[in-house]
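Structure data follow from entry.csv (CSV, C-alpha atoms):
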```
chain,number,residue,atom,x,y,z
A,1125,MET,CA,67.6,-72.8,-22.9
A,1126,LEU,CA,64.7,-70.7,-24.3
A,1127,THR,CA,62.9,-72.0,-27.3
A,1128,THR,CA,61.5,-69.9,-30.1
A,1129,ALA,CA,57.9,-70.5,-28.8
A,1130,GLY,CA,59.0,-69.3,-25.3
A,1131,LEU,CA,60.4,-66.1,-26.7
A,1132,LEU,CA,57.2,-65.4,-28.6
A,1133,VAL,CA,55.0,-65.9,-25.5
A,1134,GLY,CA,57.2,-63.5,-23.5
A,1135,CYS,CA,57.0,-60.9,-26.2
A,1136,ASN,CA,53.2,-61.1,-26.3
A,1137,GLU,CA,52.9,-60.7,-22.6
A,1138,THR,CA,55.2,-57.6,-22.7
A,1139,GLN,CA,53.2,-56.1,-25.5
A,1140,SER,CA,49.9,-56.8,-23.7
A,1141,ALA,CA,51.1,-55.1,-20.5
A,1142,ALA,CA,52.3,-52.1,-22.5
A,1143,SER,CA,49.1,-51.8,-24.4
A,1144,ALA,CA,46.8,-52.0,-21.3
A,1145,PRO,CA,44.8,-48.6,-21.1
A,1146,GLN,CA,45.5,-46.4,-18.1
A,1147,GLN,CA,42.3,-45.1,-16.3
A,1148,GLU,CA,41.8,-41.5,-17.4
A,1149,VAL,CA,41.8,-38.8,-14.7
A,1150,ARG,CA,39.1,-36.4,-15.9
A,1151,PRO,CA,39.3,-32.7,-15.0
A,1152,VAL,CA,35.9,-31.4,-13.6
A,1153,ARG,CA,34.5,-28.1,-12.4
A,1154,VAL,CA,33.3,-28.3,-8.8
A,1155,ALA,CA,31.3,-26.1,-6.4
A,1156,THR,CA,31.5,-26.2,-2.6
A,1157,VAL,CA,28.2,-26.8,-0.9
A,1158,ALA,CA,27.1,-23.8,1.2
A,1159,LEU,CA,23.8,-24.2,3.1
A,1160,GLU,CA,21.6,-21.1,3.4
A,1161,SER,CA,18.1,-20.4,4.7
A,1162,HIS,CA,15.3,-21.0,2.3
A,1163,LEU,CA,13.4,-17.8,1.5
A,1164,ASP,CA,10.6,-17.9,-1.1
A,1165,SER,CA,9.6,-14.5,-2.5
A,1166,VAL,CA,6.9,-13.3,-4.9
A,1167,ARG,CA,6.9,-9.9,-6.6
A,1168,TYR,CA,3.9,-7.8,-7.5
A,1169,PRO,CA,3.6,-4.5,-9.4
A,1170,ALA,CA,2.2,-1.7,-7.3
A,1171,VAL,CA,1.4,2.0,-7.3
A,1172,ILE,CA,2.2,4.5,-4.4
A,1173,ARG,CA,-1.1,5.9,-3.0
A,1174,PRO,CA,-1.9,8.1,0.0
A,1175,ARG,CA,-3.3,6.4,3.1
A,1176,VAL,CA,-6.2,9.0,3.2
A,1177,GLU,CA,-7.5,10.8,0.1
A,1178,ALA,CA,-10.6,12.9,0.7
A,1179,ASP,CA,-13.1,14.6,-1.7
A,1180,VAL,CA,-13.8,18.1,-0.4
A,1181,GLY,CA,-16.5,20.6,-1.5
A,1182,PHE,CA,-18.5,23.7,-0.5
A,1183,ARG,CA,-21.1,23.3,2.3
A,1184,VAL,CA,-23.3,25.8,0.3
A,1185,GLY,CA,-24.1,26.1,-3.3
A,1186,GLY,CA,-23.2,29.0,-5.6
A,1187,LYS,CA,-21.1,30.3,-8.4
A,1188,VAL,CA,-17.3,29.7,-8.3
A,1189,THR,CA,-15.4,33.0,-8.5
A,1190,ALA,CA,-11.9,31.7,-7.9
A,1191,ARG,CA,-9.9,28.4,-7.6
A,1192,LEU,CA,-6.7,29.1,-5.7
A,1193,VAL,CA,-4.8,25.8,-6.0
A,1194,GLU,CA,-3.7,23.5,-8.8
A,1195,VAL,CA,-3.0,19.8,-9.0
A,1196,GLY,CA,0.1,19.1,-7.0
A,1197,SER,CA,-0.2,22.1,-4.7
A,1198,ARG,CA,0.7,21.5,-1.1
A,1199,VAL,CA,-1.9,22.9,1.3
A,1200,GLU,CA,-1.8,23.6,5.1
A,1201,PRO,CA,-4.7,23.7,7.6
A,1202,GLY,CA,-6.8,26.9,7.1
A,1203,MET,CA,-5.4,27.7,3.7
A,1204,PRO,CA,-8.2,29.0,1.2
A,1205,LEU,CA,-8.7,26.6,-1.7
A,1206,ALA,CA,-11.6,28.2,-3.6
A,1207,ARG,CA,-14.3,30.9,-3.3
A,1208,LEU,CA,-17.9,31.3,-4.2
A,1209,ASP,CA,-19.8,34.6,-5.1
A,1210,PRO,CA,-21.0,35.8,-1.6
A,1211,THR,CA,-23.5,38.4,-3.0
A,1212,ASP,CA,-26.6,36.2,-2.4
A,1213,LEU,CA,-25.5,35.1,1.0
A,1214,GLN,CA,-24.9,38.7,2.1
A,1215,LEU,CA,-28.3,39.8,0.9
A,1216,GLN,CA,-29.9,36.9,2.9
A,1217,ILE,CA,-27.9,38.1,6.0
A,1218,ARG,CA,-29.3,41.6,5.6
A,1219,ALA,CA,-32.8,40.3,5.3
A,1220,SER,CA,-32.4,38.2,8.4
A,1221,GLN,CA,-31.0,41.1,10.3
A,1222,ALA,CA,-34.1,43.2,9.4
A,1223,GLN,CA,-36.3,40.3,10.5
A,1224,LEU,CA,-34.4,40.2,13.8
A,1225,ALA,CA,-34.9,43.9,14.4
A,1226,SER,CA,-38.7,43.5,13.7
A,1227,ALA,CA,-39.0,40.5,16.0
A,1228,GLN,CA,-37.1,42.3,18.8
A,1229,ALA,CA,-39.4,45.3,18.4
A,1230,ASP,CA,-42.5,43.1,18.6
A,1231,ALA,CA,-41.0,41.4,21.6
A,1232,ALA,CA,-40.4,44.7,23.4
A,1233,ASN,CA,-44.0,45.9,22.7
A,1234,ALA,CA,-45.4,42.6,24.0
A,1235,ARG,CA,-43.2,42.8,27.1
A,1236,SER,CA,-44.5,46.4,27.9
A,1237,ASP,CA,-48.1,45.3,27.3
A,1238,PHE,CA,-47.6,42.3,29.5
A,1239,GLN,CA,-46.1,44.3,32.3
A,1240,ARG,CA,-49.1,46.7,32.3
A,1241,TYR,CA,-51.6,43.9,32.5
A,1242,ALA,CA,-49.5,42.3,35.2
A,1243,SER,CA,-50.0,45.4,37.3
A,1244,LEU,CA,-53.7,45.5,36.6
A,1245,ARG,CA,-54.0,41.9,37.6
A,1246,GLN,CA,-52.5,42.6,41.0
A,1247,GLY,CA,-55.2,45.1,41.6
A,1248,GLU,CA,-58.0,42.9,40.3
A,1249,TRP,CA,-58.6,45.4,37.5
A,1250,THR,CA,-58.4,42.7,34.7
A,1251,THR,CA,-59.4,39.1,34.3
A,1252,ARG,CA,-57.1,36.1,34.6
A,1253,GLN,CA,-57.9,35.1,31.0
A,1254,GLU,CA,-56.7,38.5,29.6
A,1255,TYR,CA,-53.5,38.2,31.7
A,1256,ASP,CA,-52.8,34.7,30.3
A,1257,ARG,CA,-53.4,35.9,26.7
A,1258,ARG,CA,-50.8,38.7,27.1
A,1259,LYS,CA,-48.3,36.3,28.6
A,1260,THR,CA,-48.7,33.9,25.7
A,1261,THR,CA,-48.2,36.8,23.2
A,1262,LEU,CA,-44.9,37.8,25.0
A,1263,ASP,CA,-43.7,34.2,24.9
A,1264,LYS,CA,-44.4,33.9,21.2
A,1265,ALA,CA,-42.5,37.2,20.6
A,1266,ASP,CA,-39.5,36.0,22.5
A,1267,SER,CA,-39.5,32.7,20.6
A,1268,LYS,CA,-39.6,34.5,17.3
A,1269,VAL,CA,-36.5,36.5,18.3
A,1270,ARG,CA,-34.6,33.4,19.2
A,1271,GLU,CA,-35.7,31.8,15.9
A,1272,VAL,CA,-34.5,34.7,13.8
A,1273,GLU,CA,-31.3,34.9,15.8
A,1274,ALA,CA,-30.6,31.2,15.0
A,1275,GLN,CA,-31.4,31.8,11.3
A,1276,LEU,CA,-29.0,34.7,11.3
A,1277,ARG,CA,-26.2,32.6,12.8
A,1278,VAL,CA,-26.7,30.0,10.1
A,1279,LEU,CA,-26.5,32.6,7.4
A,1280,ASN,CA,-23.3,34.0,8.9
A,1281,ASN,CA,-21.8,30.5,8.9
A,1282,SER,CA,-22.9,30.1,5.3
A,1283,ALA,CA,-21.1,33.3,4.3
A,1284,GLN,CA,-18.0,31.8,5.8
A,1285,TYR,CA,-18.5,28.5,3.9
A,1286,ALA,CA,-18.3,30.5,0.7
A,1287,THR,CA,-14.6,30.2,1.1
A,1288,LEU,CA,-13.4,26.6,1.0
A,1289,LEU,CA,-10.6,26.0,3.5
A,1290,ALA,CA,-8.2,23.1,3.9
A,1291,GLU,CA,-8.7,21.2,7.1
A,1292,GLU,CA,-5.4,19.3,7.1
A,1293,ALA,CA,-2.0,19.4,5.4
A,1294,GLY,CA,-1.9,17.5,2.2
A,1295,VAL,CA,-1.4,17.6,-1.6
A,1296,VAL,CA,-4.1,18.4,-4.2
A,1297,THR,CA,-4.5,15.4,-6.5
A,1298,ALA,CA,-7.5,16.5,-8.6
A,1299,THR,CA,-9.4,19.7,-9.3
A,1300,LEU,CA,-13.1,19.3,-10.4
A,1301,ILE,CA,-14.3,22.9,-10.5
A,1302,GLU,CA,-13.4,26.0,-12.6
A,1303,PRO,CA,-14.2,29.7,-12.1
A,1304,GLY,CA,-17.6,30.5,-13.4
A,1305,GLN,CA,-19.0,27.1,-12.7
A,1306,VAL,CA,-22.2,26.8,-10.5
A,1307,VAL,CA,-21.8,24.1,-7.9
A,1308,ALA,CA,-24.4,22.5,-5.6
A,1309,GLN,CA,-24.0,22.0,-1.9
A,1310,GLY,CA,-21.7,19.2,-1.1
A,1311,GLN,CA,-20.5,18.7,-4.8
A,1312,THR,CA,-16.9,17.5,-4.9
A,1313,ALA,CA,-14.6,20.4,-5.8
A,1314,LEU,CA,-11.1,19.1,-5.0
A,1315,ARG,CA,-9.5,15.8,-4.1
A,1316,ILE,CA,-6.7,16.1,-1.4
A,1317,ALA,CA,-4.3,13.4,-0.3
A,1318,ARG,CA,-3.6,14.0,3.3
A,1319,GLN,CA,0.0,14.3,4.3
A,1320,GLY,CA,1.4,11.4,6.3
A,1321,ALA,CA,1.3,7.7,5.7
A,1322,MET,CA,1.7,6.4,2.1
A,1323,GLU,CA,0.8,3.0,0.8
A,1324,ALA,CA,1.7,0.7,-2.1
A,1325,VAL,CA,-1.4,-0.7,-3.7
A,1326,ALA,CA,-1.0,-4.1,-5.4
A,1327,ASN,CA,-3.3,-6.7,-6.9
A,1328,ILE,CA,-2.8,-10.2,-5.4
A,1329,PRO,CA,-3.8,-13.4,-7.3
A,1330,GLU,CA,-6.3,-15.5,-5.4
A,1331,GLN,CA,-4.0,-18.5,-4.9
A,1332,GLN,CA,-1.5,-16.3,-2.9
A,1333,VAL,CA,-4.0,-14.3,-0.8
A,1334,ALA,CA,-4.1,-16.8,2.1
A,1335,SER,CA,-0.3,-16.7,2.7
A,1336,LEU,CA,0.2,-12.9,2.3
A,1337,SER,CA,-0.6,-12.0,5.9
A,1338,GLY,CA,2.2,-14.2,7.2
A,1339,GLN,CA,4.9,-13.0,4.8
A,1340,THR,CA,7.6,-10.3,5.2
A,1341,LEU,CA,6.7,-7.4,2.8
A,1342,SER,CA,9.0,-4.8,1.3
A,1343,VAL,CA,8.5,-2.2,-1.4
A,1344,GLU,CA,11.1,-1.1,-4.1
A,1345,LEU,CA,10.6,1.9,-6.3
A,1346,TRP,CA,11.2,1.5,-10.0
A,1347,SER,CA,13.0,4.9,-9.9
A,1348,ASP,CA,15.2,3.8,-7.0
A,1349,PRO,CA,16.2,0.1,-7.7
A,1350,GLY,CA,18.0,-1.8,-5.0
A,1351,ARG,CA,16.5,0.3,-2.1
A,1352,SER,CA,14.0,-1.8,-0.1
A,1353,ILE,CA,11.4,-0.1,2.1
A,1354,PRO,CA,9.8,-2.2,4.8
A,1355,GLY,CA,6.0,-2.5,4.6
A,1356,THR,CA,3.1,-3.7,6.6
A,1357,LEU,CA,-0.2,-5.1,5.3
A,1358,ARG,CA,-2.9,-2.7,6.3
A,1359,GLU,CA,-5.9,-3.9,4.3
A,1360,LEU,CA,-6.7,-6.8,2.0
A,1361,SER,CA,-9.9,-6.6,0.0
A,1362,PRO,CA,-12.5,-9.2,1.1
A,1363,SER,CA,-13.7,-9.7,-2.5
A,1364,ALA,CA,-12.0,-10.1,-5.9
A,1365,ASP,CA,-12.1,-7.5,-8.6
A,1366,ALA,CA,-14.8,-8.4,-11.2
A,1367,ASP,CA,-12.5,-7.9,-14.2
A,1368,THR,CA,-9.0,-9.1,-13.0
A,1369,ARG,CA,-10.2,-11.6,-10.3
A,1370,THR,CA,-7.4,-10.3,-8.1
A,1371,PHE,CA,-7.6,-9.0,-4.5
A,1372,GLN,CA,-6.4,-5.5,-3.8
A,1373,ALA,CA,-3.8,-5.2,-1.0
A,1374,LYS,CA,-2.7,-2.0,0.7
A,1375,ILE,CA,0.8,-2.1,2.2
A,1376,THR,CA,1.7,0.9,4.5
A,1377,LEU,CA,5.3,2.1,4.0
A,1378,SER,CA,7.4,2.2,7.2
A,1379,ASP,CA,9.5,5.4,7.3
A,1380,PRO,CA,9.5,6.1,3.5
A,1381,PRO,CA,12.4,8.3,2.2
A,1382,PRO,CA,11.7,11.8,0.8
A,1383,THR,CA,12.1,10.5,-2.7
A,1384,VAL,CA,8.8,8.6,-2.5
A,1385,GLN,CA,6.1,10.5,-4.4
A,1386,LEU,CA,2.4,9.8,-5.0
A,1387,GLY,CA,1.7,7.9,-8.2
A,1388,MET,CA,5.2,6.3,-8.4
A,1389,THR,CA,5.4,2.8,-9.8
A,1390,ALA,CA,6.8,0.2,-7.3
A,1391,THR,CA,7.3,-3.5,-6.8
A,1392,VAL,CA,6.0,-5.3,-3.7
A,1393,THR,CA,8.0,-8.3,-2.6
A,1394,ALA,CA,6.4,-10.9,-0.3
A,1395,ALA,CA,9.0,-13.2,1.2
A,1396,ALA,CA,8.4,-16.2,3.5
A,1397,GLY,CA,11.1,-18.2,5.4
A,1398,HIS,CA,10.5,-21.9,5.7
A,1399,GLY,CA,13.0,-22.6,8.5
A,1400,SER,CA,15.0,-25.1,6.3
A,1401,SER,CA,18.3,-24.9,4.5
A,1402,VAL,CA,18.9,-25.2,0.8
A,1403,VAL,CA,21.9,-25.3,-1.6
A,1404,ARG,CA,22.0,-23.2,-4.7
A,1405,LEU,CA,23.6,-25.1,-7.6
A,1406,PRO,CA,23.7,-24.4,-11.4
A,1407,LEU,CA,21.3,-26.5,-13.5
A,1408,GLY,CA,24.4,-28.1,-15.1
A,1409,ALA,CA,25.1,-30.0,-11.9
A,1410,LEU,CA,22.0,-32.1,-12.0
A,1411,THR,CA,21.7,-35.5,-13.5
A,1412,GLN,CA,19.4,-38.5,-12.8
A,1413,HIS,CA,19.6,-41.6,-10.8
A,1414,GLU,CA,16.6,-44.1,-10.8
A,1415,GLN,CA,14.3,-41.4,-12.3
A,1416,ALA,CA,15.2,-38.9,-9.5
A,1417,PRO,CA,17.5,-35.9,-9.5
A,1418,ALA,CA,21.1,-36.6,-8.5
A,1419,VAL,CA,24.5,-34.9,-8.4
A,1420,TRP,CA,28.1,-36.2,-8.5
A,1421,VAL,CA,29.9,-35.7,-5.2
A,1422,LEU,CA,33.7,-35.8,-4.8
A,1423,SER,CA,34.7,-38.0,-1.9
A,1424,ALA,CA,37.8,-36.9,0.0
A,1425,PRO,CA,40.8,-37.5,-0.1
A,1426,ASP,CA,41.1,-39.6,-3.3
A,1427,ASN,CA,38.7,-37.4,-5.4
A,1428,ARG,CA,36.5,-40.3,-6.5
A,1429,LEU,CA,32.9,-39.7,-7.6
A,1430,GLU,CA,29.8,-40.7,-5.8
A,1431,LEU,CA,26.4,-40.4,-7.4
A,1432,ARG,CA,23.9,-39.1,-4.8
A,1433,SER,CA,20.2,-38.6,-5.0
A,1434,VAL,CA,19.0,-35.1,-4.0
A,1435,MET,CA,15.7,-33.3,-3.4
A,1436,VAL,CA,15.1,-30.3,-5.6
A,1437,THR,CA,12.9,-27.7,-3.8
A,1438,ALA,CA,12.6,-25.2,-6.7
A,1439,TYR,CA,14.1,-23.8,-9.8
A,1440,VAL,CA,15.0,-20.1,-9.9
A,1441,GLY,CA,16.4,-18.9,-13.2
A,1442,ASP,CA,19.5,-21.0,-14.1
A,1443,LEU,CA,19.8,-22.3,-10.5
A,1444,ALA,CA,18.3,-25.3,-8.7
A,1445,LEU,CA,17.5,-25.1,-5.0
A,1446,ILE,CA,18.5,-28.4,-3.3
A,1447,GLY,CA,16.6,-29.1,-0.2
A,1448,GLY,CA,18.1,-32.4,0.9
A,1449,GLY,CA,20.9,-34.9,0.2
A,1450,LEU,CA,23.9,-32.6,0.6
A,1451,LYS,CA,26.0,-31.5,3.6
A,1452,ASP,CA,27.8,-28.2,4.1
A,1453,GLY,CA,31.3,-28.2,2.7
A,1454,GLU,CA,30.9,-31.1,0.3
A,1455,ARG,CA,32.1,-30.6,-3.3
A,1456,VAL,CA,29.8,-31.2,-6.2
A,1457,VAL,CA,30.6,-31.4,-9.9
A,1458,THR,CA,28.8,-28.6,-11.8
A,1459,ALA,CA,29.7,-29.4,-15.5
A,1460,GLY,CA,29.9,-32.4,-17.8
A,1461,VAL,CA,28.0,-34.6,-15.4
A,1462,HIS,CA,26.6,-36.9,-18.1
A,1463,LYS,CA,30.1,-38.2,-19.0
A,1464,LEU,CA,31.1,-39.4,-15.6
A,1465,ASP,CA,31.0,-42.8,-13.9
A,1466,ALA,CA,30.7,-43.9,-10.3
A,1467,GLY,CA,34.0,-44.5,-8.7
A,1468,GLN,CA,35.9,-42.6,-11.4
A,1469,LYS,CA,38.9,-40.6,-10.2
A,1470,VAL,CA,38.9,-37.0,-11.2
A,1471,ARG,CA,40.9,-33.8,-10.6
A,1472,VAL,CA,39.5,-30.4,-9.9
A,1473,TRP,CA,40.0,-28.2,-12.9
A,1474,THR,CA,41.2,-24.7,-12.2
A,1475,GLU,CA,41.4,-21.7,-14.5
A,1476,PRO,CA,44.9,-21.3,-16.0
A,1477,ALA,CA,46.8,-18.3,-14.9
A,1478,ARG,CA,47.0,-15.5,-17.5
```
Whole structure given in structure tokens:
Amino acid sequence: MLTTAGLLVGCNETQSAASAPQQEVRPVRVATVALESHLDSVRYPAVIRPRVEADVGFRVGGKVTARLVEVGSRVEPGMPLARLDPTDLQLQIRASQAQLASAQADAANARSDFQRYASLRQGEWTTRQEYDRRKTTLDKADSKVREVEAQLRVLNNSAQYATLLAEEAGVVTATLIEPGQVVAQGQTALRIARQGAMEAVANIPEQQVASLSGQTLSVELWSDPGRSIPGTLRELSPSADADTRTFQAKITLSDPPPTVQLGMTATVTAAAGHGSSVVRLPLGALTQHEQAPAVWVLSAPDNRLELRSVMVTAYVGDLALIGGGLKDGERVVTAGVHKLDAGQKVRVWTEPAR
């Protein structure tokens, strides 16, 4: 027989069992761990420049009568670029020709005179001293002819130098003379970028100079984004620029496309592989455990949470590069990590179908 007290105890136990809270199964977003090779990269602004850019000028001085090219003109070997007034050079040639004729006449007269004295000397009709004097006069006359001939050849060459010719194929990048201008011998008249190899010139901060030679370099034009051109470091300045305190690097482009033009703006990317693997996770996946970065890992098959410490290699934008603590294929919670507890059972949240 149940008493009233017994009935009350039974009712209380039933109510307590009914009111006991059920453990909440929380939905979470997860990401599957995918290991990938670690590749650090640094980007530098650059400008496309020619491998060789030469200043050319006349080998003689004079007044410019014509400039035959403009900035941007393409030139071929032997193509005339500019001309000087040849009047003075032609007059000098005529004067030298007259000097040569006079020297040749003097040499012919000295030779005839020497031949006569040579005959007299054979018959003992003249002295040895007079014979030697005539021989010296002939030698001096022949030397004078050779001297004037050499001068005439120089003047003929100078007349040819009055026309400035291109030595190699290239593009005119600067013009420093105008018709009517009087130029000196060797003065720069034009600047020509030789056709062939092109380079990207970038300024490298001093803390990254030492590692540049061992990195993989590529160049991307601002006008052609997404297209990477392989490059090779050809030259690195041994001293820093006095104003910017950076070191100039010249990266030769390997097989550049026809769209690459001199003066274009580009970006040089220097990448270095470290031989290790990393995991890219959103920053929302990170929490802390004992003052160290950690993530929540879902254990299979019961979907319970495990808080695991990880090593963060770097932060790139809104991503964290995890260098240790995770295995390929594991599942990591990527949102709401600050409201989770160890051992808590969760379910993977999926986007509802629309």
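The space separating CA of Thr1458 in chain A from CA of Ala1395 in chain A comes to 28.3 Å.
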Nearest residue to Leu1377 in chain A out of A:Leu1464, A:Ala1444, A:Ala1274, A:Val1343, using all atoms listed in the file?
A:Val1343
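Nearest to Gly1294 in chain A of all the residues A:Ala1324, A:Val1402, A:Leu1336, A:Ala1178 is A:Ala1178, counting only C-alpha atoms.
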Min atom-atom distance to Asp1179 in chain A from the set A:Ser1433, A:Ser1342, A:Thr1370, A:Thr1297, counting only C-alpha atoms, belongs to A:Thr1297
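The residue that comes closest to Asp1367 in chain A, out of A:Thr1391, A:Asn1327, A:Ser1335, A:Gln1311 and on the basis of all atoms listed in the file, is A:Asn1327.
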Find the residues near Pro1380 in chain A: any atom within 9 Å, counting all atoms listed in the file, skip ones fewer than 6 places away on the same chain, and give them as a list in words.
Ala1321, Met1322, Ile1353 and Pro1354 of chain A
Would you save the residues of that selection, restricted to C-alpha atoms, as a short mmCIF file (atom, residue, chain, number, x, y, z; two decimals), in the frame of the given file?
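Output contents, as saved in selection.cif:
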```cif
data_model
loop_
_atom_site.label_atom_id
_atom_site.label_comp_id
_atom_site.auth_asym_id
_atom_site.auth_seq_id
_atom_site.Cartn_x
_atom_site.Cartn_y
_atom_site.Cartn_z
CA ALA A 1321 1.30 7.70 5.70
CA MET A 1322 1.70 6.40 2.10
CA ILE A 1353 11.40 -0.10 2.10
CA PRO A 1354 9.80 -2.20 4.80
#
```
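Separating CA of Glu1344 in chain A from CA of Pro1381 in chain A is a distance of 11.4 Å.
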Tell me which protein, DNA and RNA residues are within 12 Å of Gln1305 in chain A, counting only C-alpha atoms, leaving out same-chain ones fewer than 4 positions away, and put them as a short mmCIF file (atom, residue, chain, number, x, y, z; two decimals) with C-alpha atoms, keeping the file's coordinate frame.
```cif
data_model
loop_
_atom_site.label_atom_id
_atom_site.label_comp_id
_atom_site.auth_asym_id
_atom_site.auth_seq_id
_atom_site.Cartn_x
_atom_site.Cartn_y
_atom_site.Cartn_z
CA GLY A 1185 -24.10 26.10 -3.30
CA GLY A 1186 -23.20 29.00 -5.60
CA LYS A 1187 -21.10 30.30 -8.40
CA VAL A 1188 -17.30 29.70 -8.30
CA THR A 1189 -15.40 33.00 -8.50
CA ALA A 1190 -11.90 31.70 -7.90
CA ARG A 1191 -9.90 28.40 -7.60
CA ALA A 1206 -11.60 28.20 -3.60
CA ARG A 1207 -14.30 30.90 -3.30
CA LEU A 1208 -17.90 31.30 -4.20
CA ASP A 1209 -19.80 34.60 -5.10
CA LEU A 1300 -13.10 19.30 -10.40
CA ILE A 1301 -14.30 22.90 -10.50
CA GLN A 1311 -20.50 18.70 -4.80
CA ALA A 1313 -14.60 20.40 -5.80
#
```
One decimal, Å: what's the distance from CA of Asp1230 in chain A over to CA of Thr1261 in chain A, could you say?
9.7 Å
Do a neighbour search on Pro1417 in chain A at 9 Å with all atoms listed in the file, toss out local chain neighbours closer than 5 positions, and write the hits as a ChimeraX atom specification.
/A:1410-1412,1432-1436
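Nearest to Arg1315 in chain A of all the residues A:Ala1394, A:Val1296, A:Val1461, A:Val1199 is A:Val1296, counting only C-alpha atoms.
Minimum distance to Gln1284 in chain A across A:Gly1320, A:Leu1213, A:Ala1308, A:Thr1299 (counting only C-alpha atoms) occurs at A:Leu1213.
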